[in-house]
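structure-v3.txt follows (compact mmCIF, C-alpha atoms):
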```
# COMPACT_ATOMS: atom_id res chain seq x y z
CA MET A 1 13.36 -34.98 9.36
CA THR A 2 9.90 -33.56 8.63
CA LYS A 3 7.32 -34.76 11.13
CA PRO A 4 4.37 -36.61 9.57
CA PHE A 5 1.75 -34.53 11.41
CA ASP A 6 1.45 -30.85 12.21
CA LEU A 7 -1.07 -31.55 14.95
CA LEU A 8 -2.09 -34.39 17.23
CA VAL A 9 -5.48 -33.86 18.88
CA VAL A 10 -6.30 -35.94 21.96
CA GLY A 11 -9.76 -36.06 23.47
CA ASP A 12 -13.48 -36.45 22.94
CA ALA A 13 -15.33 -37.47 19.79
CA ASN A 14 -19.04 -38.21 19.68
CA PRO A 15 -22.24 -37.61 17.74
CA ASP A 16 -24.12 -34.44 18.62
CA VAL A 17 -27.88 -34.24 18.27
CA VAL A 18 -28.43 -30.50 17.91
CA VAL A 19 -32.02 -29.20 18.23
CA GLY A 20 -33.39 -25.70 18.50
CA PRO A 21 -33.76 -22.90 18.90
CA LEU A 22 -35.99 -23.48 21.91
CA ARG A 23 -38.25 -20.47 22.40
CA GLY A 24 -38.83 -20.55 26.13
CA PRO A 25 -37.87 -22.86 28.99
CA LEU A 26 -37.39 -26.60 28.60
CA ARG A 27 -40.56 -28.21 29.98
CA PHE A 28 -40.88 -31.58 31.65
CA GLY A 29 -44.13 -33.42 32.47
CA GLN A 30 -44.04 -35.28 29.14
CA ARG A 31 -44.74 -32.07 27.22
CA GLU A 32 -43.67 -32.07 23.59
CA GLN A 33 -42.06 -28.88 22.28
CA LEU A 34 -41.39 -28.12 18.63
CA VAL A 35 -38.19 -26.49 17.35
CA GLU A 36 -37.15 -25.31 13.90
CA HIS A 37 -34.10 -27.49 13.37
CA GLY A 38 -32.64 -30.84 14.36
CA GLY A 39 -29.49 -32.53 13.12
CA LEU A 40 -27.10 -35.41 13.78
CA VAL A 41 -23.56 -34.06 13.44
CA LEU A 42 -20.01 -34.75 14.57
CA GLY A 43 -19.41 -33.45 18.08
CA GLY A 44 -16.83 -33.39 20.82
CA SER A 45 -14.60 -30.37 21.37
CA ALA A 46 -11.45 -32.25 20.34
CA ALA A 47 -13.06 -33.75 17.24
CA ILE A 48 -14.43 -30.41 16.03
CA MET A 49 -11.06 -28.75 16.61
CA ALA A 50 -9.29 -31.52 14.66
CA CYS A 51 -11.66 -31.08 11.71
CA GLY A 52 -11.22 -27.31 11.77
CA ALA A 53 -7.43 -27.64 11.73
CA ALA A 54 -7.56 -30.10 8.84
CA ARG A 55 -9.85 -27.74 6.92
CA LEU A 56 -7.21 -25.03 7.45
CA GLY A 57 -4.61 -27.23 5.79
CA LEU A 58 -2.85 -28.90 8.72
CA ARG A 59 -1.91 -32.58 8.74
CA VAL A 60 -3.94 -33.83 11.71
CA ALA A 61 -4.04 -37.09 13.70
CA PHE A 62 -6.58 -37.94 16.38
CA ALA A 63 -6.20 -40.08 19.52
CA GLY A 64 -9.11 -41.04 21.74
CA ARG A 65 -11.87 -43.62 22.16
CA VAL A 66 -15.23 -44.55 20.69
CA GLY A 67 -17.46 -47.51 21.40
CA ASP A 68 -18.02 -50.61 19.30
CA ASP A 69 -21.39 -49.33 18.12
CA PRO A 70 -23.04 -47.39 15.26
CA ALA A 71 -22.26 -44.08 16.99
CA GLY A 72 -18.57 -44.96 17.04
CA ALA A 73 -18.63 -45.92 13.37
CA PHE A 74 -20.31 -42.58 12.59
CA VAL A 75 -17.59 -40.66 14.44
CA ARG A 76 -14.74 -42.57 12.82
CA ALA A 77 -16.16 -42.06 9.33
CA ALA A 78 -16.89 -38.36 9.92
CA LEU A 79 -13.35 -37.61 11.11
CA ALA A 80 -11.77 -39.54 8.24
CA ALA A 81 -14.00 -37.82 5.69
CA ARG A 82 -12.64 -34.48 6.87
CA GLY A 83 -9.03 -35.55 6.42
CA VAL A 84 -8.19 -36.46 10.01
CA ASP A 85 -6.03 -39.56 10.54
CA VAL A 86 -7.96 -41.98 12.80
CA GLY A 87 -5.38 -44.77 12.96
CA SER A 88 -5.06 -44.23 16.72
CA LEU A 89 -8.77 -43.86 17.49
CA VAL A 90 -9.32 -46.79 19.85
CA THR A 91 -12.49 -48.88 19.94
CA ASP A 92 -13.45 -49.47 23.58
CA PRO A 93 -14.36 -53.13 24.19
CA GLY A 94 -17.03 -52.49 26.79
CA LEU A 95 -18.26 -48.91 27.01
CA PRO A 96 -20.38 -47.07 24.44
CA THR A 97 -19.52 -44.01 22.39
CA PRO A 98 -20.35 -40.76 24.20
CA LEU A 99 -23.55 -39.06 23.11
CA THR A 100 -24.48 -35.40 23.43
CA THR A 101 -27.73 -33.54 22.95
CA VAL A 102 -27.41 -29.79 22.42
CA VAL A 103 -30.51 -27.64 22.91
CA THR A 104 -29.93 -24.20 21.43
CA ALA A 105 -31.73 -21.01 22.45
CA GLY A 106 -32.65 -18.05 20.30
CA ASP A 107 -30.07 -15.82 21.99
CA GLY A 108 -27.12 -18.05 21.05
CA ASP A 109 -26.98 -19.82 24.41
CA ARG A 110 -27.36 -23.58 24.67
CA ALA A 111 -27.80 -26.44 27.12
CA ILE A 112 -25.56 -29.48 26.70
CA LEU A 113 -26.52 -32.95 27.94
CA THR A 114 -23.77 -35.59 27.64
CA ALA A 115 -23.66 -39.30 28.42
CA PRO A 116 -19.87 -39.76 28.79
CA GLY A 117 -19.65 -43.42 27.78
CA CYS A 118 -16.06 -44.41 27.08
CA LEU A 119 -14.68 -40.95 27.91
CA THR A 120 -14.24 -42.22 31.47
CA SER A 121 -11.90 -44.96 30.24
CA THR A 122 -9.80 -42.73 27.94
CA GLY A 123 -6.26 -42.69 29.29
CA PRO A 124 -2.57 -42.25 28.54
CA GLU A 125 -2.30 -45.69 26.94
CA ASP A 126 -4.52 -44.36 24.13
CA VAL A 127 -1.81 -41.90 23.04
CA PRO A 128 1.14 -43.83 21.55
CA ARG A 129 4.58 -42.35 22.14
CA ASP A 130 5.38 -42.75 18.44
CA LEU A 131 2.35 -40.64 17.56
CA VAL A 132 3.42 -37.88 19.95
CA ALA A 133 6.88 -37.97 18.38
CA ALA A 134 5.30 -37.65 14.94
CA ALA A 135 3.54 -34.32 15.69
CA ARG A 136 4.71 -30.72 15.85
CA HIS A 137 1.97 -29.79 18.30
CA VAL A 138 -0.30 -31.65 20.75
CA HIS A 139 -3.75 -30.29 21.65
CA THR A 140 -6.28 -31.74 24.07
CA ALA A 141 -9.80 -30.73 25.06
CA SER A 142 -12.64 -31.58 27.45
CA PHE A 143 -10.20 -32.03 30.32
CA PHE A 144 -12.83 -32.62 33.01
CA LEU A 145 -14.75 -35.24 31.02
CA MET A 146 -11.76 -37.62 30.93
CA PRO A 147 -10.50 -38.03 34.52
CA ARG A 148 -7.95 -40.77 33.71
CA LEU A 149 -6.39 -38.72 30.93
CA ALA A 150 -6.54 -35.54 33.03
CA ARG A 151 -4.46 -37.14 35.79
CA SER A 152 -1.76 -38.09 33.28
CA LEU A 153 -1.87 -35.03 31.04
CA ALA A 154 1.07 -33.25 32.66
CA ALA A 155 3.24 -36.28 31.90
CA LEU A 156 1.93 -36.42 28.31
CA PHE A 157 2.67 -32.72 27.73
CA THR A 158 6.13 -33.13 29.26
CA LEU A 159 6.77 -35.99 26.85
CA ALA A 160 5.57 -33.82 23.97
CA HIS A 161 8.06 -31.11 24.94
CA ASP A 162 10.84 -33.66 25.23
CA LEU A 163 10.02 -34.83 21.70
CA GLY A 164 10.06 -31.30 20.28
CA ALA A 165 6.33 -30.49 20.22
CA THR A 166 4.37 -27.61 21.66
CA THR A 167 1.13 -28.07 23.61
CA SER A 168 -2.30 -26.52 24.05
CA LEU A 169 -5.33 -27.18 26.23
CA ASP A 170 -8.99 -26.23 26.10
CA THR A 171 -10.43 -27.49 29.38
CA ASN A 172 -14.05 -26.73 28.42
CA ASP A 173 -16.59 -26.74 31.22
CA ASP A 174 -16.34 -28.72 34.45
CA PRO A 175 -19.76 -30.39 34.86
CA ALA A 176 -19.09 -30.89 38.57
CA GLY A 177 -18.25 -27.22 39.03
CA HIS A 178 -15.15 -28.00 41.11
CA TRP A 179 -12.39 -26.66 38.81
CA ASP A 180 -9.90 -28.66 40.87
CA LYS A 181 -6.66 -26.65 40.99
CA GLY A 182 -4.78 -29.64 42.31
CA LEU A 183 -5.62 -31.41 39.06
CA VAL A 184 -5.30 -28.45 36.68
CA ASP A 185 -2.27 -26.54 37.96
CA PRO A 186 0.39 -29.19 37.21
CA VAL A 187 -0.91 -29.32 33.63
CA LEU A 188 -0.79 -25.54 33.21
CA GLU A 189 2.89 -25.59 34.09
CA VAL A 190 3.60 -27.61 30.92
CA THR A 191 0.89 -26.08 28.70
CA ASP A 192 2.12 -23.63 26.09
CA VAL A 193 -1.31 -22.23 25.18
CA LEU A 194 -4.48 -22.30 27.29
CA LEU A 195 -7.68 -21.69 25.29
CA PRO A 196 -10.66 -21.14 27.63
CA ASN A 197 -13.75 -19.03 27.09
CA ALA A 198 -14.30 -16.10 29.45
CA ALA A 199 -16.38 -18.01 32.00
CA GLU A 200 -13.91 -20.90 32.04
CA ALA A 201 -10.94 -18.55 32.48
CA CYS A 202 -12.55 -16.92 35.50
CA ALA A 203 -13.47 -20.29 37.00
CA LEU A 204 -9.98 -21.73 36.46
CA ALA A 205 -8.35 -18.68 38.07
CA GLY A 206 -10.92 -18.25 40.84
CA GLU A 207 -11.16 -14.59 39.81
CA PRO A 208 -14.35 -12.93 38.47
CA GLN A 209 -12.58 -10.12 36.58
CA LEU A 210 -11.56 -11.50 33.19
CA VAL A 211 -8.37 -9.57 32.49
CA LEU A 212 -7.03 -10.30 35.96
CA ALA A 213 -8.05 -13.96 35.62
CA ALA A 214 -6.15 -14.24 32.33
CA ALA A 215 -3.08 -12.62 33.89
CA LEU A 216 -3.20 -14.99 36.87
CA LEU A 217 -3.38 -18.01 34.58
CA ALA A 218 -0.56 -16.67 32.40
CA GLY A 219 1.55 -16.35 35.55
CA GLN A 220 1.37 -20.14 35.86
CA GLY A 221 3.12 -20.60 32.52
CA PRO A 222 0.90 -20.69 29.45
CA THR A 223 0.02 -18.03 26.94
CA VAL A 224 -3.66 -17.52 27.73
CA VAL A 225 -6.00 -17.01 24.77
CA VAL A 226 -9.58 -16.27 25.78
CA LYS A 227 -12.76 -16.45 23.69
CA ASP A 228 -14.94 -13.57 24.86
CA GLY A 229 -18.09 -13.92 22.75
CA ALA A 230 -19.40 -10.68 21.26
CA ASP A 231 -16.45 -8.84 22.80
CA GLY A 232 -14.00 -10.75 20.61
CA ALA A 233 -10.92 -12.37 22.10
CA LEU A 234 -7.90 -11.52 24.18
CA ALA A 235 -4.48 -13.00 24.85
CA CYS A 236 -1.69 -12.47 27.32
CA GLY A 237 1.48 -14.18 28.45
CA ALA A 238 3.66 -13.94 31.51
CA THR A 239 5.97 -11.49 29.71
CA THR A 240 3.66 -9.96 27.06
CA ARG A 241 1.09 -7.21 27.28
CA LEU A 242 -2.59 -7.84 26.78
CA THR A 243 -3.69 -8.20 23.15
CA ARG A 244 -7.33 -7.84 22.08
CA VAL A 245 -9.23 -8.28 18.83
CA PRO A 246 -12.92 -7.58 18.19
CA ALA A 247 -15.37 -10.26 17.16
CA ALA A 248 -15.63 -10.90 13.44
CA PRO A 249 -18.93 -9.78 11.89
CA ALA A 250 -21.40 -12.67 11.75
CA ASP A 251 -25.09 -13.47 11.42
CA PRO A 252 -24.90 -16.82 13.21
CA VAL A 253 -27.05 -19.78 12.29
CA ASP A 254 -25.60 -22.05 15.00
CA THR A 255 -22.80 -21.31 17.48
CA VAL A 256 -22.15 -24.96 18.41
CA GLY A 257 -18.42 -25.68 18.09
CA ALA A 258 -17.43 -22.06 17.41
CA GLY A 259 -14.92 -22.11 20.27
CA ASP A 260 -13.33 -25.28 18.93
CA SER A 261 -12.99 -23.72 15.47
CA PHE A 262 -11.40 -20.72 17.20
CA ASP A 263 -8.87 -23.09 18.79
CA ALA A 264 -8.11 -24.62 15.40
CA GLY A 265 -7.55 -21.20 13.88
CA PHE A 266 -5.18 -20.09 16.60
CA VAL A 267 -3.08 -23.25 16.51
CA ALA A 268 -2.98 -23.30 12.70
CA ALA A 269 -1.89 -19.66 12.57
CA ARG A 270 0.88 -20.17 15.11
CA LEU A 271 2.13 -23.31 13.39
CA ARG A 272 2.23 -21.34 10.14
CA GLY A 273 4.45 -18.80 11.88
CA LEU A 274 2.05 -15.90 12.45
CA ASP A 275 2.66 -13.59 15.39
CA LEU A 276 0.35 -13.50 18.42
CA PRO A 277 -1.93 -10.60 17.37
CA SER A 278 -2.37 -12.00 13.85
CA SER A 279 -3.04 -15.48 15.20
CA LEU A 280 -5.67 -14.09 17.55
CA ALA A 281 -7.42 -12.37 14.64
CA VAL A 282 -7.37 -15.58 12.57
CA ALA A 283 -8.81 -17.50 15.51
CA ALA A 284 -11.63 -14.98 15.99
CA ALA A 285 -12.40 -15.18 12.27
CA CYS A 286 -12.50 -18.99 12.33
CA GLY A 287 -14.87 -18.99 15.27
CA SER A 288 -17.26 -16.56 13.59
CA LEU A 289 -17.18 -18.23 10.18
CA SER A 290 -18.01 -21.61 11.71
CA THR A 291 -21.42 -20.30 12.80
CA ARG A 292 -22.66 -19.99 9.19
CA ALA A 293 -24.30 -23.44 9.24
CA HIS A 294 -25.76 -25.93 11.71
CA GLY A 295 -23.30 -28.13 13.61
CA GLY A 296 -19.68 -27.62 14.53
CA THR A 297 -17.95 -28.61 11.29
CA ALA A 298 -20.19 -27.81 8.30
CA ALA A 299 -19.04 -24.19 7.88
CA GLN A 300 -15.45 -24.33 9.09
CA PRO A 301 -13.34 -22.08 6.84
CA THR A 302 -10.38 -22.76 4.60
CA TRP A 303 -7.14 -20.94 5.30
CA ASP A 304 -7.80 -18.35 2.57
CA GLU A 305 -11.29 -17.68 3.93
CA ALA A 306 -9.92 -17.31 7.44
CA ILE A 307 -7.22 -14.84 6.39
CA ALA A 308 -9.70 -12.73 4.42
CA ALA A 309 -12.09 -12.58 7.39
CA ALA A 310 -9.24 -11.93 9.84
CA ARG A 311 -8.27 -8.82 7.90
CA HIS A 312 -11.76 -7.47 8.56
CA VAL A 313 -11.14 -8.08 12.28
CA SER A 314 -7.66 -6.57 12.19
CA PRO A 315 -6.25 -4.92 9.04
CA ASP A 316 -2.74 -5.44 10.42
CA VAL A 317 -2.85 -9.25 10.10
CA ASN A 318 0.60 -10.33 9.01
CA THR A 319 0.87 -13.64 7.20
CA ALA A 320 4.67 -13.51 6.94
CA PRO A 321 6.22 -16.14 9.24
CA ASN A 322 7.52 -14.94 12.57
CA HIS A 323 11.10 -16.14 12.84
CA ARG A 324 10.55 -17.07 16.48
CA THR A 325 8.13 -19.73 15.26
CA SER A 326 10.18 -21.36 12.54
CA GLN A 327 8.46 -23.92 10.34
CA ASP A 328 11.82 -25.61 9.76
CA PRO A 329 11.01 -29.18 10.91
CA SER A 330 14.49 -29.55 12.37
CA THR A 331 13.76 -26.74 14.82
CA PRO A 332 11.17 -27.14 17.61
CA ASP A 333 8.43 -24.53 17.58
CA THR A 334 9.14 -21.88 20.18
CA TRP A 335 5.83 -20.09 20.51
CA SER A 336 5.36 -21.20 24.10
CA ARG A 337 4.92 -18.33 26.56
CA THR A 338 5.56 -15.61 23.94
```

Please re-express this file's structure in C-alpha cells.
Amino acid sequence: MTKPFDLLVVGDANPDVVVGPLRGPLRFGQREQLVEHGGLVLGGSAAIMACGAARLGLRVAFAGRVGDDPAGAFVRAALAARGVDVGSLVTDPGLPTPLTTVVTAGDGDRAILTAPGCLTSTGPEDVPRDLVAAARHVHTASFFLMPRLARSLAALFTLAHDLGATTSLDTNDDPAGHWDKGLVDPVLEVTDVLLPNAAEACALAGEPQLVLAAALLAGQGPTVVVKDGADGALACGATTRLTRVPAAPADPVDTVGAGDSFDAGFVAARLRGLDLPSSLAVAAACGSLSTRAHGGTAAQPTWDEAIAAARHVSPDVNTAPNHRTSQDPSTPDTWSRT
C-alpha cells in the first residue's frame, strides 16, 4: 500500500528573530546598535527542512514539541500554512517554545542565541510508531539540542528501517563543543544519510581535513553529504568515490536556513529516484535559492526551480529515476550507503 507520507521530520521548531547585518562587533554595556533588517520568521533546522521538502512537492509530517504559548501557536500555524502535517506536533504542558535570535554579519556569517525551552523534554514518546510506519523516510535535526531524543535516536532509526523507511540526520552544531562520540556513533550505524556542514563533519570525525573526515564518517555506515559553503558540496559513501558539485550562483540576501533547504533538496531528489550526483546538485541549488529572501523559508524553491538551477550547477543532472531507488511504495527505498 502507498504510504501516506514521503517524509517524517523529527526535531526542533521555533520562531527565529533574525536581525542584521551587524557591521562590527556585538557591543555590550547597554549600547544600542542599528541594523538594516529585522524579522520574525519560522526557525528550527527540522522545521525549515520540513517546509523546504513540502515546497518541493513531498508529503511531509512533523513530530516534535512546542509550548502552550503564542510562540508555539505561531510555529504550528507557520508549518501548516506551508503544507506540513502538524497532527503529531505535541504541546508541552510546562515548558515554553524554544526561541532563537540570529544576528547576521555582512560576510554571511551569523551568531545564534537559543533558549531551548521544551527541546530538552522532546523524546521518543513524541514520535508515534504509526507515524513512522506511515513515512518512506525519517529525517531528524539539531541532535545536540534534544538530549532525550538523541539518546533514543538509534532505536528510532532502527524502527524506521524495520518499517521500510530510510533515515537521515543533520546534527547541526553542538553548543557544548563536546561532539560526544559515545552518543553519536550508535546513531551513525543506523543512519543512511548524514548531512553536516564542513565544520560539523570535521568535528564529528575528529579530523581537520574535510575529505578525510567525510571518509571516516562514511566508514561508520552512512552516505556522508557535506555542505561546504562557497566551495559547493561533496558526498561519499563507504563503497563510492568522492562526488563534488560547485556552489550554485547566488547573490544572497540572507543565508539563514540554507543548509536546511539543502537537506530538503537532497532528500527530495533521492526519494524521487535521482542518482547521487544529481541529488547533490539539486541540494546545492536548493540551498543557494533559499538565500534570495530573509528567513529560512520565504525563498525555498519549487521542484521545477530547483531542477533548473541544478542544471546550472551540473549540466549532467539526470531526472530519470534510478532503479536502485524505486518509488514503488511496495518496495523499500534502497539508497542507504550507495

Work out how far CA of Asp275 in chain A is from CA of Thr140 in chain A, in Å to one decimal.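 These atoms are spaced 22.0 Å apart.
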
Exercise: range 200-203 of chain A partners within 10 Å, all atoms listed in the file, chain neighbours under 4 positions left out, as a list in words: Asp170, Thr171, Asn172, Asp173, Asp174, Gly177, His178, Trp179, Asp180, Leu194, Leu195, Pro196, Glu207, Pro208, Gln209, Leu210, Val211, Leu212, Ala213, Ala214, Ala215, Leu216, Leu217, Val224, Val225, Val226, Lys227 and Asp228 of chain A

Measure the distance from CA of Val138 in chain A to CA of Met49 in chain A in Å and round it to one decimal. 11.9 Å

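The coordinates place CA of Cys118 in chain A at 10.1 Å from CA of Leu145 in chain A.
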
Counting only C-alpha atoms, the residue among A:Ile48, A:Leu58, A:Val10, A:Ala105 that lies closest to Leu89 in chain A is A:Val10

Residue contacts of Leu99 in chain A (7 Å, all atoms listed in the file) excluding same-chain residues fewer than 4 positions away, as a list of chain:residue names: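 In the requested format, the answer is A:Asn14, A:Pro15, A:Asp16, A:Thr114, A:Ala115, A:Pro116.
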
Taking all atoms listed in the file into account, which of A:Val184, A:Leu26, A:Ala306, A:Leu276 comes nearest Gly237 in chain A? A:Leu276

Which residues, written as a list in words, have at least one atom at most 7 Å from Gly295 in chain A, with all atoms listed in the file counted and residues fewer than 3 positions away on the same chain left out?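 With the cut-off at 7 Å, the set is Val41, Asp254, Val256 and Ala298 of chain A.
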
In terms of all atoms listed in the file, the residue from A:Ala268, A:Ala111, A:Val317, A:Ala80 at minimal distance from Trp303 in chain A is A:Ala268

Please identify all polymer residues within 8 Å of Val18 in chain A, counting only C-alpha atoms, omitting same-chain residues fewer than 4 positions from it, and present them as a tab-separated table (two decimals) with C-alpha atoms, in the coordinates of the input.
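Output file out.tsv is given in full below:
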```tsv
chain	number	residue	atom	x	y	z
A	37	HIS	CA	-34.10	-27.49	13.37
A	38	GLY	CA	-32.64	-30.84	14.36
A	39	GLY	CA	-29.49	-32.53	13.12
A	40	LEU	CA	-27.10	-35.41	13.78
A	41	VAL	CA	-23.56	-34.06	13.44
A	101	THR	CA	-27.73	-33.54	22.95
A	102	VAL	CA	-27.41	-29.79	22.42
A	103	VAL	CA	-30.51	-27.64	22.91
A	104	THR	CA	-29.93	-24.20	21.43
A	295	GLY	CA	-23.30	-28.13	13.61
```

Identify, on the basis of only C-alpha atoms, every residue whose closest approach to Ala47 in chain A does not exceed 12 Å; exclude the query and any residue fewer than 2 positions from it along the same chain; express the result as JSON, numbers by chain. {"A": [8, 9, 10, 11, 12, 13, 14, 15, 16, 41, 42, 43, 44, 45, 49, 50, 51, 52, 53, 54, 60, 61, 62, 63, 64, 65, 66, 75, 76, 77, 78, 79, 80, 82, 83, 84, 85, 86, 89, 139, 140, 141, 142, 257, 260, 261, 263, 264, 296, 297]}

Please determine the residues with any atom at most 12 Å from (-30.2, -16.9, 20.2) (coordinates as given in the file, with only C-alpha atoms counting) and report them as a PyMOL selection string. chain A and resi 20-24+103-110+251-256+291

Using all atoms listed in the file: which of A:Glu36, A:Asp162, A:Asp185, A:Asp92 has the shortest distance to Ala133 in chain A: A:Asp162

Here is a test: counting all atoms listed in the file, which residue of A:Ala46, A:Ala285, A:Val35, A:Leu149 is nearest to Arg311 in chain A? A:Ala285

Counting only C-alpha atoms, find residues at most 7 Å from (-2.3, -9.7, 22.5) (file frame) and give them as a CSV table (one decimal) with C-alpha atoms, in the coordinates of the input.
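Contents of selection.csv, as written:
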```
chain,number,residue,atom,x,y,z
A,234,LEU,CA,-7.9,-11.5,24.2
A,235,ALA,CA,-4.5,-13.0,24.8
A,236,CYS,CA,-1.7,-12.5,27.3
A,241,ARG,CA,1.1,-7.2,27.3
A,242,LEU,CA,-2.6,-7.8,26.8
A,243,THR,CA,-3.7,-8.2,23.2
A,244,ARG,CA,-7.3,-7.8,22.1
A,276,LEU,CA,0.4,-13.5,18.4
A,277,PRO,CA,-1.9,-10.6,17.4
```

Which of A:Leu7, A:Ala73, A:Ala230, A:Ala154 sits closest to Leu56 in chain A [using all atoms listed in the file]: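 That would be A:Leu7, the residue with the smallest distance to Leu56 in chain A.
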
Incomplete range 158-170 of chain A brought to N, CA and C atoms, written out as an mmCIF file, keeping the file's coordinate frame:
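rebuild-v3.cif, written as the output of this step:
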```cif
data_model
loop_
_atom_site.group_PDB
_atom_site.id
_atom_site.type_symbol
_atom_site.label_atom_id
_atom_site.label_comp_id
_atom_site.auth_asym_id
_atom_site.auth_seq_id
_atom_site.Cartn_x
_atom_site.Cartn_y
_atom_site.Cartn_z
ATOM 1 N N THR A 158 4.679 -33.125 29.047
ATOM 2 C CA THR A 158 6.130 -33.130 29.260
ATOM 3 C C THR A 158 6.810 -33.987 28.200
ATOM 4 N N LEU A 159 6.232 -35.139 27.909
ATOM 5 C CA LEU A 159 6.770 -35.990 26.850
ATOM 6 C C LEU A 159 6.745 -35.253 25.514
ATOM 7 N N ALA A 160 5.651 -34.565 25.222
ATOM 8 C CA ALA A 160 5.570 -33.820 23.970
ATOM 9 C C ALA A 160 6.693 -32.797 23.866
ATOM 10 N N HIS A 161 6.952 -32.068 24.949
ATOM 11 C CA HIS A 161 8.060 -31.110 24.940
ATOM 12 C C HIS A 161 9.395 -31.801 24.717
ATOM 13 N N ASP A 162 9.584 -32.925 25.378
ATOM 14 C CA ASP A 162 10.840 -33.660 25.230
ATOM 15 C C ASP A 162 11.053 -34.115 23.787
ATOM 16 N N LEU A 163 9.950 -34.350 23.086
ATOM 17 C CA LEU A 163 10.020 -34.830 21.700
ATOM 18 C C LEU A 163 9.919 -33.690 20.688
ATOM 19 N N GLY A 164 9.993 -32.443 21.171
ATOM 20 C CA GLY A 164 10.060 -31.300 20.280
ATOM 21 C C GLY A 164 8.740 -30.709 19.857
ATOM 22 N N ALA A 165 7.651 -31.025 20.563
ATOM 23 C CA ALA A 165 6.330 -30.490 20.220
ATOM 24 C C ALA A 165 5.895 -29.441 21.220
ATOM 25 N N THR A 166 5.015 -28.554 20.764
ATOM 26 C CA THR A 166 4.370 -27.610 21.660
ATOM 27 C C THR A 166 2.995 -28.168 22.060
ATOM 28 N N THR A 167 2.352 -27.511 23.035
ATOM 29 C CA THR A 167 1.130 -28.070 23.610
ATOM 30 C C THR A 167 0.060 -26.991 23.797
ATOM 31 N N SER A 168 -1.191 -27.417 23.736
ATOM 32 C CA SER A 168 -2.300 -26.520 24.050
ATOM 33 C C SER A 168 -3.432 -27.299 24.696
ATOM 34 N N LEU A 169 -4.241 -26.578 25.464
ATOM 35 C CA LEU A 169 -5.330 -27.180 26.230
ATOM 36 C C LEU A 169 -6.549 -26.282 26.201
ATOM 37 N N ASP A 170 -7.693 -26.871 25.894
ATOM 38 C CA ASP A 170 -8.990 -26.230 26.100
ATOM 39 C C ASP A 170 -9.725 -27.107 27.112
#
```
